[in-house]
>>> print(open('query.cif').read())   # mmCIF, C-alpha atoms; chains and numbers go by the auth columns
data_protein
loop_
_atom_site.group_PDB
_atom_site.id
_atom_site.type_symbol
_atom_site.label_atom_id
_atom_site.label_comp_id
_atom_site.label_asym_id
_atom_site.label_seq_id
_atom_site.Cartn_x
_atom_site.Cartn_y
_atom_site.Cartn_z
_atom_site.B_iso_or_equiv
_atom_site.auth_seq_id
_atom_site.auth_asym_id
ATOM 1 C CA ASN A 1 0.000 0.000 0.000 0.00 357 A
ATOM 2 C CA GLU A 2 2.941 2.294 0.584 0.00 358 A
ATOM 3 C CA VAL A 3 4.113 2.433 -3.040 0.00 359 A
ATOM 4 C CA PRO A 4 0.781 3.479 -4.621 0.00 360 A
ATOM 5 C CA PHE A 5 0.291 6.139 -1.947 0.00 361 A
ATOM 6 C CA ILE A 6 3.771 7.605 -2.495 0.00 362 A
ATOM 7 C CA LEU A 7 3.394 7.478 -6.294 0.00 363 A
ATOM 8 C CA ALA A 8 0.019 9.247 -6.073 0.00 364 A
ATOM 9 C CA ALA A 9 1.418 11.919 -3.747 0.00 365 A
ATOM 10 C CA GLU A 10 4.395 12.502 -6.053 0.00 366 A
ATOM 11 C CA ARG A 11 2.113 12.775 -9.053 0.00 367 A
ATOM 12 C CA LEU A 12 -0.176 15.266 -7.309 0.00 368 A
ATOM 13 C CA MET A 13 2.804 17.333 -6.161 0.00 369 A
ATOM 14 C CA GLY A 14 4.679 17.156 -9.462 0.00 370 A
ATOM 15 C CA VAL A 15 7.637 15.446 -7.760 0.00 371 A
ATOM 16 C CA GLU A 16 9.772 12.790 -9.428 0.00 372 A
ATOM 17 C CA ALA A 17 12.015 10.452 -7.470 0.00 373 A
ATOM 18 C CA PRO A 18 15.581 9.957 -8.754 0.00 374 A
ATOM 19 C CA PRO A 19 16.208 6.961 -11.036 0.00 375 A
ATOM 20 C CA ARG A 20 17.997 4.905 -8.355 0.00 376 A
ATOM 21 C CA ALA A 21 15.062 5.318 -5.977 0.00 377 A
ATOM 22 C CA ARG A 22 12.626 4.210 -8.715 0.00 378 A
ATOM 23 C CA TRP A 23 14.750 1.110 -9.413 0.00 379 A
ATOM 24 C CA ILE A 24 14.950 0.211 -5.715 0.00 380 A
ATOM 25 C CA ARG A 25 11.202 0.764 -5.282 0.00 381 A
ATOM 26 C CA THR A 26 10.476 -1.520 -8.210 0.00 382 A
ATOM 27 C CA LEU A 27 12.849 -4.181 -6.917 0.00 383 A
ATOM 28 C CA LEU A 28 11.364 -4.184 -3.417 0.00 384 A
ATOM 29 C CA PHE A 29 7.830 -4.054 -4.820 0.00 385 A
ATOM 30 C CA GLU A 30 8.499 -7.163 -6.898 0.00 386 A
ATOM 31 C CA MET A 31 10.175 -8.952 -4.010 0.00 387 A
ATOM 32 C CA ALA A 32 7.035 -8.392 -1.926 0.00 388 A
ATOM 33 C CA ARG A 33 4.993 -9.794 -4.829 0.00 389 A
ATOM 34 C CA ILE A 34 7.283 -12.830 -5.025 0.00 390 A
ATOM 35 C CA SER A 35 6.870 -13.545 -1.311 0.00 391 A
ATOM 36 C CA ASN A 36 3.080 -13.276 -1.587 0.00 392 A
ATOM 37 C CA VAL A 37 2.658 -15.294 -4.773 0.00 393 A
ATOM 38 C CA GLY A 38 4.987 -18.015 -3.492 0.00 394 A
ATOM 39 C CA LEU A 39 2.930 -18.326 -0.332 0.00 395 A
ATOM 40 C CA PHE A 40 -0.273 -18.403 -2.390 0.00 396 A
ATOM 41 C CA LEU A 41 1.054 -21.262 -4.496 0.00 397 A
ATOM 42 C CA GLY A 42 2.101 -23.253 -1.456 0.00 398 A
ATOM 43 C CA GLU A 43 -1.242 -22.613 0.210 0.00 399 A
ATOM 44 C CA MET A 44 -3.067 -23.657 -2.955 0.00 400 A
ATOM 45 C CA GLY A 45 -1.440 -27.040 -2.523 0.00 401 A
ATOM 46 C CA LEU A 46 -2.973 -27.236 0.969 0.00 402 A
ATOM 47 C CA GLN A 47 -6.426 -26.685 -0.509 0.00 403 A
ATOM 48 C CA VAL A 48 -6.107 -29.876 -2.519 0.00 404 A
ATOM 49 C CA GLY A 49 -4.393 -31.962 0.152 0.00 405 A
ATOM 50 C CA ALA A 50 -0.671 -31.340 -0.435 0.00 406 A
ATOM 51 C CA VAL A 51 1.090 -30.186 2.749 0.00 407 A
ATOM 52 C CA THR A 52 4.723 -30.115 1.591 0.00 408 A
ATOM 53 C CA PRO A 53 4.359 -27.141 -0.808 0.00 409 A
ATOM 54 C CA ALA A 54 3.066 -24.973 2.049 0.00 410 A
ATOM 55 C CA PHE A 55 6.133 -25.772 4.167 0.00 411 A
ATOM 56 C CA TYR A 56 8.406 -24.890 1.251 0.00 412 A
ATOM 57 C CA ALA A 57 6.459 -21.675 0.617 0.00 413 A
ATOM 58 C CA PHE A 58 6.767 -20.463 4.208 0.00 414 A
ATOM 59 C CA ARG A 59 10.455 -21.388 4.243 0.00 415 A
ATOM 60 C CA ASP A 60 11.284 -19.487 1.079 0.00 416 A
ATOM 61 C CA ARG A 61 9.054 -16.551 1.912 0.00 417 A
ATOM 62 C CA GLU A 62 11.245 -15.979 4.952 0.00 418 A
ATOM 63 C CA PHE A 63 14.330 -15.692 2.750 0.00 419 A
ATOM 64 C CA VAL A 64 12.673 -12.940 0.705 0.00 420 A
ATOM 65 C CA LEU A 65 11.218 -11.121 3.720 0.00 421 A
ATOM 66 C CA ASN A 66 14.637 -11.191 5.403 0.00 422 A
ATOM 67 C CA GLN A 67 16.069 -9.330 2.400 0.00 423 A
ATOM 68 C CA ILE A 68 13.290 -6.757 2.475 0.00 424 A
ATOM 69 C CA GLU A 69 13.836 -6.299 6.205 0.00 425 A
ATOM 70 C CA ALA A 70 17.594 -5.900 5.692 0.00 426 A
ATOM 71 C CA VAL A 71 16.900 -2.814 3.560 0.00 427 A
ATOM 72 C CA THR A 72 13.840 -1.302 5.174 0.00 428 A
ATOM 73 C CA GLY A 73 13.825 -2.504 8.764 0.00 429 A
ATOM 74 C CA GLY A 74 10.319 -3.916 8.283 0.00 430 A
ATOM 75 C CA ARG A 75 8.909 -7.092 6.821 0.00 431 A
ATOM 76 C CA PHE A 76 5.276 -6.405 5.928 0.00 432 A
ATOM 77 C CA HIS A 77 4.870 -2.640 6.269 0.00 433 A
ATOM 78 C CA PRO A 78 8.369 -1.326 5.692 0.00 434 A
ATOM 79 C CA ASN A 79 7.617 2.444 5.655 0.00 435 A
ATOM 80 C CA PHE A 80 10.651 2.915 3.436 0.00 436 A
ATOM 81 C CA ASP A 81 9.406 5.119 0.610 0.00 437 A
ATOM 82 C CA ARG A 82 9.381 8.869 0.967 0.00 438 A
ATOM 83 C CA ILE A 83 7.888 11.512 -1.287 0.00 439 A
ATOM 84 C CA GLY A 84 10.708 12.197 -3.711 0.00 440 A
ATOM 85 C CA GLY A 85 12.804 9.157 -2.830 0.00 441 A
ATOM 86 C CA LEU A 86 13.574 6.593 -0.160 0.00 442 A
ATOM 87 C CA LYS A 87 14.511 6.543 3.515 0.00 443 A
ATOM 88 C CA ASP A 88 17.959 5.018 2.828 0.00 444 A
ATOM 89 C CA ASP A 89 20.061 3.356 0.152 0.00 445 A
ATOM 90 C CA LEU A 90 20.688 -0.378 -0.119 0.00 446 A
ATOM 91 C CA PRO A 91 23.100 -1.780 2.470 0.00 447 A
ATOM 92 C CA LYS A 92 26.507 -3.051 1.392 0.00 448 A
ATOM 93 C CA GLY A 93 26.412 -6.643 0.131 0.00 449 A
ATOM 94 C CA TRP A 94 22.629 -6.694 -0.186 0.00 450 A
ATOM 95 C CA ILE A 95 22.532 -7.203 -3.950 0.00 451 A
ATOM 96 C CA ALA A 96 24.810 -10.265 -3.819 0.00 452 A
ATOM 97 C CA GLU A 97 22.754 -11.761 -0.977 0.00 453 A
ATOM 98 C CA THR A 98 19.533 -11.062 -2.841 0.00 454 A
ATOM 99 C CA LYS A 99 20.836 -12.855 -5.940 0.00 455 A
ATOM 100 C CA GLN A 100 21.431 -15.930 -3.767 0.00 456 A
ATOM 101 C CA VAL A 101 17.938 -15.666 -2.301 0.00 457 A
ATOM 102 C CA MET A 102 16.394 -15.364 -5.759 0.00 458 A
ATOM 103 C CA GLN A 103 18.201 -18.561 -6.774 0.00 459 A
ATOM 104 C CA LYS A 104 16.572 -20.269 -3.772 0.00 460 A
ATOM 105 C CA VAL A 105 13.225 -18.908 -4.933 0.00 461 A
ATOM 106 C CA GLN A 106 13.869 -20.273 -8.433 0.00 462 A
ATOM 107 C CA ASP A 107 14.650 -23.672 -6.908 0.00 463 A
ATOM 108 C CA PHE A 108 11.406 -23.419 -4.910 0.00 464 A
ATOM 109 C CA CYS A 109 9.487 -22.707 -8.123 0.00 465 A
ATOM 110 C CA ASP A 110 11.037 -25.771 -9.724 0.00 466 A
ATOM 111 C CA GLU A 111 10.039 -27.855 -6.675 0.00 467 A
ATOM 112 C CA LEU A 112 6.486 -26.517 -6.844 0.00 468 A
ATOM 113 C CA ASP A 113 6.326 -27.282 -10.535 0.00 469 A
ATOM 114 C CA GLU A 114 7.179 -30.888 -9.753 0.00 470 A
ATOM 115 C CA LEU A 115 5.037 -31.209 -6.609 0.00 471 A
ATOM 116 C CA LEU A 116 1.923 -29.476 -7.912 0.00 472 A
ATOM 117 C CA LEU A 117 1.789 -29.023 -11.660 0.00 473 A
ATOM 118 C CA GLY A 118 3.369 -32.418 -12.241 0.00 474 A
ATOM 119 C CA ASN A 119 0.830 -34.056 -9.929 0.00 475 A
ATOM 120 C CA GLU A 120 -2.166 -35.695 -11.553 0.00 476 A
ATOM 121 C CA ILE A 121 -4.377 -35.227 -8.469 0.00 477 A
ATOM 122 C CA PHE A 122 -3.591 -31.507 -8.297 0.00 478 A
ATOM 123 C CA ASN A 123 -4.394 -31.056 -11.969 0.00 479 A
ATOM 124 C CA VAL A 124 -7.695 -32.933 -11.712 0.00 480 A
ATOM 125 C CA ARG A 125 -8.741 -30.830 -8.698 0.00 481 A
ATOM 126 C CA THR A 126 -7.799 -27.455 -10.191 0.00 482 A
ATOM 127 C CA ARG A 127 -8.717 -27.647 -13.874 0.00 483 A
ATOM 128 C CA GLY A 128 -12.166 -26.788 -15.165 0.00 484 A
ATOM 129 C CA ILE A 129 -13.537 -25.538 -11.848 0.00 485 A
ATOM 130 C CA GLY A 130 -13.140 -21.763 -11.995 0.00 486 A
ATOM 131 C CA VAL A 131 -13.509 -20.715 -15.610 0.00 487 A
ATOM 132 C CA ILE A 132 -14.070 -16.981 -16.115 0.00 488 A
ATOM 133 C CA PRO A 133 -14.501 -15.906 -19.754 0.00 489 A
ATOM 134 C CA ALA A 134 -12.668 -12.717 -20.754 0.00 490 A
ATOM 135 C CA GLU A 135 -15.892 -10.769 -21.307 0.00 491 A
ATOM 136 C CA VAL A 136 -17.159 -11.641 -17.824 0.00 492 A
ATOM 137 C CA ALA A 137 -13.807 -10.799 -16.239 0.00 493 A
ATOM 138 C CA MET A 138 -13.791 -7.362 -17.864 0.00 494 A
ATOM 139 C CA SER A 139 -17.448 -6.625 -17.091 0.00 495 A
ATOM 140 C CA TYR A 140 -16.883 -7.511 -13.399 0.00 496 A
ATOM 141 C CA GLY A 141 -13.808 -5.281 -13.241 0.00 497 A
ATOM 142 C CA LEU A 142 -11.377 -8.086 -12.470 0.00 498 A
ATOM 143 C CA SER A 143 -7.709 -7.209 -12.548 0.00 499 A
ATOM 144 C CA GLY A 144 -4.323 -8.784 -11.971 0.00 500 A
ATOM 145 C CA ALA A 145 -3.933 -12.525 -12.193 0.00 501 A
ATOM 146 C CA ASN A 146 -7.688 -13.122 -12.441 0.00 502 A
ATOM 147 C CA LEU A 147 -7.979 -10.933 -15.524 0.00 503 A
ATOM 148 C CA ARG A 148 -4.836 -12.346 -17.159 0.00 504 A
ATOM 149 C CA ALA A 149 -6.045 -15.906 -16.481 0.00 505 A
ATOM 150 C CA SER A 150 -9.032 -15.039 -18.641 0.00 506 A
ATOM 151 C CA GLY A 151 -6.746 -14.268 -21.568 0.00 507 A
ATOM 152 C CA VAL A 152 -6.817 -10.472 -21.255 0.00 508 A
ATOM 153 C CA ASP A 153 -3.356 -9.031 -21.897 0.00 509 A
ATOM 154 C CA TRP A 154 -3.405 -6.129 -19.427 0.00 510 A
ATOM 155 C CA ASP A 155 -1.032 -5.534 -16.548 0.00 511 A
ATOM 156 C CA HIS A 156 -0.986 -2.347 -14.495 0.00 512 A
ATOM 157 C CA ARG A 157 2.785 -2.542 -14.083 0.00 513 A
ATOM 158 C CA ARG A 158 3.402 -2.596 -17.832 0.00 514 A
ATOM 159 C CA ASP A 159 0.488 -0.497 -19.039 0.00 515 A
ATOM 160 C CA THR A 160 0.687 2.342 -16.472 0.00 516 A
ATOM 161 C CA PRO A 161 4.259 2.229 -15.100 0.00 517 A
ATOM 162 C CA ALA A 162 4.314 5.789 -13.701 0.00 518 A
ATOM 163 C CA GLY A 163 6.920 6.211 -10.985 0.00 519 A
ATOM 164 C CA LEU A 164 8.471 2.763 -11.302 0.00 520 A
ATOM 165 C CA VAL A 165 10.780 1.265 -13.947 0.00 521 A
ATOM 166 C CA TYR A 166 8.722 -1.559 -15.458 0.00 522 A
ATOM 167 C CA ASP A 167 8.970 0.141 -18.851 0.00 523 A
ATOM 168 C CA LYS A 168 12.765 -0.336 -18.703 0.00 524 A
ATOM 169 C CA LEU A 169 12.617 -4.058 -17.885 0.00 525 A
ATOM 170 C CA ASP A 170 12.467 -6.993 -20.272 0.00 526 A
ATOM 171 C CA TRP A 171 9.549 -9.057 -18.989 0.00 527 A
ATOM 172 C CA LYS A 172 6.437 -10.742 -20.269 0.00 528 A
ATOM 173 C CA VAL A 173 2.864 -10.466 -19.095 0.00 529 A
ATOM 174 C CA TRP A 174 1.588 -14.029 -18.853 0.00 530 A
ATOM 175 C CA THR A 175 -1.962 -14.724 -19.892 0.00 531 A
ATOM 176 C CA HIS A 176 -3.975 -17.912 -20.179 0.00 532 A
ATOM 177 C CA PRO A 177 -7.037 -18.198 -22.396 0.00 533 A
ATOM 178 C CA ASP A 178 -9.322 -20.424 -20.315 0.00 534 A
ATOM 179 C CA GLY A 179 -9.795 -18.329 -17.160 0.00 535 A
ATOM 180 C CA ASP A 180 -9.304 -21.382 -14.956 0.00 536 A
ATOM 181 C CA SER A 181 -7.931 -21.566 -11.414 0.00 537 A
#
>>> encode(input="query.cif", output="structure tokens")
Amino acid sequence: NEVPFILAAERLMGVEAPPRARWIRTLLFEMARISNVGLFLGEMGLQVGAVTPAFYAFRDREFVLNQIEAVTGGRFHPNFDRIGGLKDDLPKGWIAETKQVMQKVQDFCDELDELLLGNEIFNVRTRGIGVIPAEVAMSYGLSGANLRASGVDWDHRRDTPAGLVYDKLDWKVWTHPDGDS
């Protein structure tokens, strides 16, 4: 919630944060997303009877939250952004440590791929149960992953990147045409 508030305040005041601050904001914003999505995926396994993915998700979420805390002093509500910039710069050695953590997260994703998506029971229990056609998704005002899972190629980060650096990154917005869970 902190990033949208700061970006709105900067826009209203006609203030622009320096490039380094925008890069750090984007990085920390995405790390928070990674910790949340990883936990969601592990918890989704719990919903269909798989306990191990949840343990892995909580384990790896801690690695990411530790990195966020190392910069901001906070884990969930860091209060790090300031109008026109940030509270501090990145601590020495943080980037190298974060690269190691992101490798752990990649390994976690590979484990989840094997434990969940490679599991016949998981696939049977999660396919064909939550289909949302694109027209319905748009008429209900869905956004984010729900909208993209309906095949709509729209992502707030890419399509309205004001104040962050998504427009300078090479990344793909993933969509899926069947709107399923």
>>> closest_residue(input="query.cif", among="A:Met494, A:Leu363, A:Ile488, A:Ala388", to="Thr516 in chain A", atoms="only C-alpha atoms")
A:Leu363
>>> resolve_selection(input="query.cif", expression="the PyMOL selection byres ((chain A and resi 419) around 12)", output="JSON, numbers by chain")
{"A": [387, 388, 390, 391, 394, 412, 413, 414, 415, 416, 417, 418, 420, 421, 422, 423, 424, 425, 426, 431, 453, 454, 455, 456, 457, 458, 459, 460, 461, 464]}
>>> resolve_selection(input="query.cif", expression="the PyMOL selection byres ((chain A and resi 502) around 9)", output="PDB file with C-alpha atoms, in the coordinates of the input")
ATOM      1  CA  ILE A 488     -14.070 -16.981 -16.115  1.00  0.00           C
ATOM      2  CA  ALA A 493     -13.807 -10.799 -16.239  1.00  0.00           C
ATOM      3  CA  LEU A 498     -11.377  -8.086 -12.470  1.00  0.00           C
ATOM      4  CA  SER A 499      -7.709  -7.209 -12.548  1.00  0.00           C
ATOM      5  CA  GLY A 500      -4.323  -8.784 -11.971  1.00  0.00           C
ATOM      6  CA  ALA A 501      -3.933 -12.525 -12.193  1.00  0.00           C
ATOM      7  CA  LEU A 503      -7.979 -10.933 -15.524  1.00  0.00           C
ATOM      8  CA  ARG A 504      -4.836 -12.346 -17.159  1.00  0.00           C
ATOM      9  CA  ALA A 505      -6.045 -15.906 -16.481  1.00  0.00           C
ATOM     10  CA  SER A 506      -9.032 -15.039 -18.641  1.00  0.00           C
ATOM     11  CA  GLY A 535      -9.795 -18.329 -17.160  1.00  0.00           C
ATOM     12  CA  ASP A 536      -9.304 -21.382 -14.956  1.00  0.00           C
ATOM     13  CA  SER A 537      -7.931 -21.566 -11.414  1.00  0.00           C
TER      14      SER A 537
END
>>> atom_distance(input="query.cif", atom1="CA of Thr382 in chain A", atom2="CA of His512 in chain A")
13.1 Å
>>> closest_residue(input="query.cif", among="A:Ile439, A:Val529, A:Leu446, A:Ile485", to="Ala365 in chain A", atoms="all atoms listed in the file")
A:Ile439
>>> decode(input="query.cif", residues="range 436-450 of chain A", atoms="C-alpha atoms", output="PDB file, in the first residue's frame")
ATOM      1  CA  PHE A 436      10.651   2.915   3.436  1.00  0.00           C
ATOM      2  CA  ASP A 437       9.406   5.119   0.610  1.00  0.00           C
ATOM      3  CA  ARG A 438       9.381   8.869   0.967  1.00  0.00           C
ATOM      4  CA  ILE A 439       7.888  11.512  -1.287  1.00  0.00           C
ATOM      5  CA  GLY A 440      10.708  12.197  -3.711  1.00  0.00           C
ATOM      6  CA  GLY A 441      12.804   9.157  -2.830  1.00  0.00           C
ATOM      7  CA  LEU A 442      13.574   6.593  -0.160  1.00  0.00           C
ATOM      8  CA  LYS A 443      14.511   6.543   3.515  1.00  0.00           C
ATOM      9  CA  ASP A 444      17.959   5.018   2.828  1.00  0.00           C
ATOM     10  CA  ASP A 445      20.061   3.356   0.152  1.00  0.00           C
ATOM     11  CA  LEU A 446      20.688  -0.378  -0.119  1.00  0.00           C
ATOM     12  CA  PRO A 447      23.100  -1.780   2.470  1.00  0.00           C
ATOM     13  CA  LYS A 448      26.507  -3.051   1.392  1.00  0.00           C
ATOM     14  CA  GLY A 449      26.412  -6.643   0.131  1.00  0.00           C
ATOM     15  CA  TRP A 450      22.629  -6.694  -0.186  1.00  0.00           C
TER      16      TRP A 450
END
